[in-house]
Each structure stands twice: as C-alpha cells, then as structure tokens.
Amino acid sequence: MLSFLPTPLIALIATLSMVLNALVWVPILLLVALIKLLIPVKAIRLRIDPVLLFIAEAWISCNSGWMALTQRTVWDVQGIDDLKYRSWYLVNCNHQSWVDILVLQHLFNRRIPLLKFFLKHELIWVPVMGLAWWALEFPFMRRHGEEYLRQHPEMRGKDQETTRKACEKFALIPTSVMNFLEGTRFTAAKHQRQKSTYRHLLKPKAGGIAMALNAMGDKFQAILDVTIVYPDGPPTFWHFLQGKVQHIVVRARALPVPGKLVQGDYAGDPAVREAFGQWVQQLWLDKDAQITALLSAPLPAKAPTST
C-alpha cells in the first residue's frame with residue numbers, strides 16, 4: 001500500500017502502471033485476434049475466443065493490482081458471492097463516472113464472464129484501447145439524433161442490427177452483456193435538462209436492454225442489477241488515479257429474466273414496448289430508492305467484504 005505517499009506521486013505511479021499494463025497486454029491481445037481474423041474456420045475461432053478472454057481477464061487482474069497498491073478506497077460490496085463464471089448475464093448499472101468501468105471490472109472479473117460493453121463508435125479511435133475493444137469484439141454503435149435520422153432515414157435501425165449481430169456472437173460463448181440504461185453518465189446538468197423524475201438517475205432507455213433480451217433471453221442466467229454509489233460524490237478519473245476516492249459502495253442482485261417480455265416483439269408491438277417501459281421504470285424506481293438509502297447510511301470503517 002502506497003497511501004502514505006504524496007498525492008502527485010500516487011497519481012504518477014497509478015498512471016504509469018495503468019499505461020504500462022495496457023502496453024503489455026494489448027499487443028498480445030491483438031496478435032491472437034489477428035490469428036482469429038485470418039482463420040475462417042468457426043471451430044478454430046471458437047477455440048481462440050477463450051484465449052482472448054483469458055488475456056483480457058489477466059489484464060484486468062493487473063489493473064486490480066495497481067489499484068490495490070495505490071488506492072486508499074474503503075469498499076462496501078454486497079451481492080457478488082454466488083455468481084457463476086460459466087454462464088450468461090445481462091448486467092445493468094447506473095452510470096456516473098468513467099471510474100464505474102474499473103469498479104465493475106475489478107469486482108466481477110472471473111466471477112462472471114468478461115463484461116462486453118456497447119460503445120459509441122467514436123471510441124474506436126481511442127489510442128490503444130480502441131484496438132483492444134475491437135479485438136474483444138465489443139460492439140460499436142452509431143447513435144444518431146432524431147433530426148439526423150429524418151434527414152438520413154437509411155440509418156434508422158442500424159444500431160438495432162449491430163445489437164442483433166453482436167448478440168449472435170455473444171450466444172456462442174458465456175458472456176456478460178453490459179448495459180447502462182441511462183445511456184450516458186449522470187450529471188446535474190443532464191438531469192435538469194431531461195427533467196428526470198428520479199432523484200439520482202437519468203431517464204432509462206429500454207431499447208438496448210429489450211433488444212438484448214429479445215436476442216438472447218433464453219441464454220441469460222439472470223439479470224444482474226448493480227448499483228454503484230460514491231458517498232463522497234462521483235469522482236473524475238483523475239481523482240481516482242490520485243487515490244482520492246475514499247469510499248465505494250456497490251450492491252448487486254440477480255433478478256429473474258422476465259419471460260413474457262423476452263418472448264414479445266419489442267420493435268413491432270406497442271404493447272410489448274409499453275410493458276418493457278413499465279418494467280424498466282419499476283427497476284429504476286427501486287434503484288433510486290436504494291441509492292437514497294445508501295447515501296444516508298453510515299460509512300463503514302473498513303470494507304465488510306473482500307474485493
């Protein structure tokens with residue numbers, strides 16, 4: 001533990017560790033992904049997938065290592081002990097910070113299959129990381145506003161098609177499909193602009209989770225509903241690297257897959273869309289109340305569970 005060091009030095013060590021870790025694992029990841037790309041044999045490609053996942057999990061484990069070395073964080077985590085690594089999960093979580101990604105990867109690495117995120121298409125150009133996400137077959141989405149779609153109607157439905165193709169691949173090997181229902185990080189400005197009726201959350205968007213359930217509902221072991229709370233306020237990534245995140249509270253619960261909704265046609269049936277909307281709204285009401293309760297609870301002196 002290096003928490004006794006000055007903050008600038010902690011930030012330097014954390015940043016260098018994160019960068020060097022990526023520079024070690026990403027070339028290996030890309031090499032294996034290139035081999036997979038060049039061999040057009042499905043059976044062989046399916047054997048290469050576990051190798052890619054092993055590399056990604058090793059990368060995440062090393063991230064957890066430098067986090068433990070440099071962070072002063074007290075973790076309060078419940079609900080992650082009875083999960084199954086060899087299964088499929090649809091993971092849902094509130095979204096406040098880029099730190100959420102490291103939190104989720106750290107806690108669920110090797111407890112459930114590797115988390116696969118739906119990413120904005122622009123992120124493919126992020127140095128090093130964009131190539132890593134491509135190698136791991138994270139789906140890249142082109143999200144267009146309604147005005148753009150009116151001018152370019154041929155683009156309507158493209159994201160749905162991307163989701164469908166991604167889910168076809170996810171169904172071949174145990175996968176955790178990650179979904180942020182809010183679609184973007186929470187900020188006070190976004191909350192006010194949306195006129196969100198939730199105290200701590202933006203309005204949920206049911207389309208992504210509905211398409212994933214329609215495509216893979218029979219595969220999912222459960223819906224893993226995760227709530228992340230930062231009692232000291234949502235941190236920036238730089239604050240995290242500086243070791244200034246003092247407390248992280250996480251609650252997870254496995255929910256049954258709503259069978260009736262899975263079997264419905266979300267895209268073509270207004271009644272199914274309405275039912276999905278009501279289900280998501282209740283999920284979000286429960287999460288909003290849970291966040292309120294967690295923020296008002298006393299902070300633990302030390303984490304009650306091992307991370």
# chains A, B, ... in the order shown; residues from 1 in each chain; ligands from 1
call {"tool": "residues_around", "arguments": {"residues": "A:Leu30", "least_positions_apart": "5", "cutoff": "10 Å", "atoms": "only C-alpha atoms", "output": "list in words"}}
result
Trp25, Ile35, Lys36, Leu52, Leu131, Ala132, Trp133, Trp134, Ala135 and Leu136 of chain A
call {"tool": "closest_atom_pairs", "arguments": {"of": "stretch 66-174 of chain A", "to": "stretch 279-284 of chain A", "cutoff": "12 Å", "atoms": "only C-alpha atoms", "output": "Markdown table"}}
result
| residue | atom | partner | partner_atom | distance |
| --- | --- | --- | --- | --- |
| A:Asn92 | CA | A:Leu283 | CA | 10.1 |
| A:Cys93 | CA | A:Trp284 | CA | 10.0 |
| A:Asn94 | CA | A:Trp284 | CA | 9.1 |
call {"tool": "residues_around", "arguments": {"residues": "A:Ser61", "least_positions_apart": "6", "cutoff": "9 Å", "atoms": "only C-alpha atoms", "output": "list in words"}}
result
Gln105, His106 and Asn109 of chain A
call {"tool": "residues_around", "arguments": {"residues": "A:Thr7", "least_positions_apart": "5", "cutoff": "9 Å", "atoms": "only C-alpha atoms", "output": "PyMOL selection string"}}
result
chain A and resi 12+242-244
call {"tool": "atom_distance", "arguments": {"atom1": "atom CA of A:Ala188", "atom2": "atom CA of A:Ile209"}}
result
24.4 Å
call {"tool": "select_by_dssp", "arguments": {"residues": "stretch 49-291 of chain A", "states": "strand (DSSP E)", "output": "number ranges by chain"}}
result
A: 74-78, 89-93, 115-117, 119-120, 140-141, 176-179, 222-229, 247-255
call {"tool": "write_last_selection", "arguments": {"atoms": "N, CA, C and O atoms", "output": "short mmCIF file (atom, residue, chain, number, x, y, z; two decimals), in the first residue's frame"}}
result
data_model
loop_
_atom_site.label_atom_id
_atom_site.label_comp_id
_atom_site.auth_asym_id
_atom_site.auth_seq_id
_atom_site.Cartn_x
_atom_site.Cartn_y
_atom_site.Cartn_z
N VAL A 74 -12.07 2.55 0.69
CA VAL A 74 -12.79 1.59 1.52
C VAL A 74 -13.97 1.08 0.68
O VAL A 74 -14.82 1.85 0.26
N TRP A 75 -13.99 -0.23 0.45
CA TRP A 75 -15.03 -0.85 -0.38
C TRP A 75 -16.12 -1.44 0.51
O TRP A 75 -15.82 -2.13 1.49
N ASP A 76 -17.36 -1.20 0.15
CA ASP A 76 -18.51 -1.81 0.81
C ASP A 76 -19.32 -2.50 -0.27
O ASP A 76 -20.05 -1.86 -1.03
N VAL A 77 -19.16 -3.81 -0.37
CA VAL A 77 -19.71 -4.57 -1.50
C VAL A 77 -20.57 -5.72 -0.99
O VAL A 77 -20.16 -6.47 -0.10
N GLN A 78 -21.74 -5.87 -1.57
CA GLN A 78 -22.62 -6.99 -1.23
C GLN A 78 -23.28 -7.52 -2.50
O GLN A 78 -23.55 -6.77 -3.43
N TYR A 89 -24.94 -13.47 -18.38
CA TYR A 89 -25.63 -12.46 -17.57
C TYR A 89 -25.90 -11.22 -18.42
O TYR A 89 -25.07 -10.83 -19.25
N LEU A 90 -27.03 -10.61 -18.16
CA LEU A 90 -27.30 -9.26 -18.67
C LEU A 90 -27.12 -8.32 -17.49
O LEU A 90 -27.89 -8.38 -16.53
N VAL A 91 -26.08 -7.51 -17.53
CA VAL A 91 -25.71 -6.67 -16.40
C VAL A 91 -26.20 -5.24 -16.62
O VAL A 91 -25.97 -4.65 -17.68
N ASN A 92 -26.90 -4.73 -15.64
CA ASN A 92 -27.41 -3.36 -15.70
C ASN A 92 -26.86 -2.57 -14.53
O ASN A 92 -26.74 -3.08 -13.41
N CYS A 93 -26.49 -1.30 -14.77
CA CYS A 93 -25.91 -0.49 -13.71
C CYS A 93 -26.19 0.98 -13.96
O CYS A 93 -26.34 1.41 -15.12
N LEU A 115 -17.17 -8.79 -19.08
CA LEU A 115 -18.18 -7.80 -19.43
C LEU A 115 -17.94 -7.28 -20.84
O LEU A 115 -16.85 -6.83 -21.17
N LYS A 116 -18.98 -7.31 -21.67
CA LYS A 116 -18.91 -6.76 -23.03
C LYS A 116 -19.80 -5.51 -23.08
O LYS A 116 -21.01 -5.58 -22.84
N PHE A 117 -19.18 -4.37 -23.38
CA PHE A 117 -19.89 -3.10 -23.39
C PHE A 117 -20.29 -2.72 -24.81
O PHE A 117 -19.55 -2.99 -25.77
N LEU A 119 -20.37 0.31 -27.15
CA LEU A 119 -19.60 1.55 -27.12
C LEU A 119 -20.01 2.50 -28.24
O LEU A 119 -20.45 2.07 -29.31
N LYS A 120 -19.84 3.78 -27.99
CA LYS A 120 -20.02 4.76 -29.06
C LYS A 120 -18.96 4.53 -30.13
O LYS A 120 -17.81 4.25 -29.82
N PHE A 140 -19.62 -1.52 -31.55
CA PHE A 140 -19.54 -0.07 -31.66
C PHE A 140 -20.82 0.45 -32.30
O PHE A 140 -21.20 0.03 -33.39
N MET A 141 -21.48 1.36 -31.61
CA MET A 141 -22.79 1.86 -32.02
C MET A 141 -22.67 3.28 -32.57
O MET A 141 -21.96 4.12 -32.02
N SER A 176 -21.07 -11.75 -20.43
CA SER A 176 -21.86 -10.80 -19.64
C SER A 176 -22.07 -9.56 -20.49
O SER A 176 -21.11 -8.85 -20.81
N VAL A 177 -23.31 -9.34 -20.89
CA VAL A 177 -23.65 -8.18 -21.72
C VAL A 177 -23.91 -7.00 -20.80
O VAL A 177 -24.83 -7.03 -19.99
N MET A 178 -23.09 -5.95 -20.92
CA MET A 178 -23.18 -4.80 -20.03
C MET A 178 -24.07 -3.73 -20.64
O MET A 178 -23.90 -3.37 -21.80
N ASN A 179 -25.00 -3.21 -19.84
CA ASN A 179 -25.92 -2.19 -20.33
C ASN A 179 -26.08 -1.09 -19.29
O ASN A 179 -26.39 -1.35 -18.13
N ALA A 222 -29.44 -14.76 -15.54
CA ALA A 222 -30.19 -13.78 -14.75
C ALA A 222 -29.86 -12.39 -15.26
O ALA A 222 -28.92 -12.20 -16.05
N ILE A 223 -30.64 -11.42 -14.82
CA ILE A 223 -30.28 -10.02 -15.00
C ILE A 223 -29.57 -9.60 -13.72
O ILE A 223 -30.13 -9.69 -12.63
N LEU A 224 -28.33 -9.18 -13.84
CA LEU A 224 -27.54 -8.76 -12.69
C LEU A 224 -27.67 -7.24 -12.55
O LEU A 224 -27.10 -6.49 -13.34
N ASP A 225 -28.46 -6.84 -11.58
CA ASP A 225 -28.72 -5.41 -11.36
C ASP A 225 -27.71 -4.87 -10.35
O ASP A 225 -27.68 -5.32 -9.20
N VAL A 226 -26.90 -3.91 -10.80
CA VAL A 226 -25.81 -3.39 -9.98
C VAL A 226 -26.04 -1.90 -9.70
O VAL A 226 -26.43 -1.15 -10.60
N THR A 227 -25.81 -1.51 -8.47
CA THR A 227 -25.90 -0.11 -8.08
C THR A 227 -24.56 0.33 -7.49
O THR A 227 -24.05 -0.32 -6.57
N ILE A 228 -23.99 1.39 -8.05
CA ILE A 228 -22.72 1.95 -7.55
C ILE A 228 -23.01 3.30 -6.92
O ILE A 228 -23.68 4.14 -7.52
N VAL A 229 -22.49 3.50 -5.72
CA VAL A 229 -22.66 4.77 -5.01
C VAL A 229 -21.29 5.26 -4.55
O VAL A 229 -20.50 4.48 -4.00
N HIS A 247 -14.47 6.18 -0.54
CA HIS A 247 -15.46 5.12 -0.33
C HIS A 247 -16.14 4.75 -1.65
O HIS A 247 -16.47 5.63 -2.44
N ILE A 248 -16.33 3.47 -1.86
CA ILE A 248 -17.13 2.97 -2.97
C ILE A 248 -18.10 1.94 -2.42
O ILE A 248 -17.69 0.97 -1.77
N VAL A 249 -19.38 2.15 -2.65
CA VAL A 249 -20.43 1.23 -2.19
C VAL A 249 -21.07 0.57 -3.41
O VAL A 249 -21.47 1.26 -4.36
N VAL A 250 -21.15 -0.75 -3.39
CA VAL A 250 -21.73 -1.49 -4.51
C VAL A 250 -22.72 -2.52 -3.98
O VAL A 250 -22.40 -3.25 -3.02
N ARG A 251 -23.88 -2.56 -4.59
CA ARG A 251 -24.87 -3.58 -4.29
C ARG A 251 -25.27 -4.27 -5.59
O ARG A 251 -25.54 -3.61 -6.60
N ALA A 252 -25.29 -5.59 -5.57
CA ALA A 252 -25.68 -6.36 -6.75
C ALA A 252 -26.77 -7.35 -6.37
O ALA A 252 -26.78 -7.89 -5.25
N ARG A 253 -27.69 -7.58 -7.27
CA ARG A 253 -28.75 -8.58 -7.05
C ARG A 253 -29.09 -9.24 -8.38
O ARG A 253 -29.11 -8.58 -9.43
N ALA A 254 -29.29 -10.54 -8.33
CA ALA A 254 -29.66 -11.30 -9.52
C ALA A 254 -31.18 -11.34 -9.64
O ALA A 254 -31.87 -11.81 -8.73
N LEU A 255 -31.69 -10.83 -10.75
CA LEU A 255 -33.13 -10.79 -10.99
C LEU A 255 -33.50 -11.82 -12.05
O LEU A 255 -32.73 -12.07 -12.98
#
call {"tool": "atom_distance", "arguments": {"atom1": "atom CA of A:His121", "atom2": "atom CA of A:Thr15"}}
result
25.3 Å
call {"tool": "closest_residue", "arguments": {"among": "A:Arg72, A:Pro139, A:Gly264, A:Leu201", "to": "A:Glu122", "atoms": "only C-alpha atoms"}}
result
A:Pro139
call {"tool": "residues_around", "arguments": {"residues": "stretch 230-241 of chain A", "least_positions_apart": "5", "cutoff": "6 Å", "atoms": "only C-alpha atoms", "output": "ChimeraX atom specification"}}
result
/A:11,14,99,248,295
call {"tool": "closest_residue", "arguments": {"among": "A:Gly208, A:Pro6, A:Pro113, A:Pro298", "to": "A:Ser87", "atoms": "only C-alpha atoms"}}
result
A:Pro113
call {"tool": "atom_distance", "arguments": {"atom1": "atom CA of A:Met18", "atom2": "atom CA of A:Thr187"}}
result
26.1 Å
call {"tool": "closest_residue", "arguments": {"among": "A:Arg185, A:Lys84, A:Lys169, A:Lys42", "to": "A:Ser97", "atoms": "only C-alpha atoms"}}
result
A:Arg185
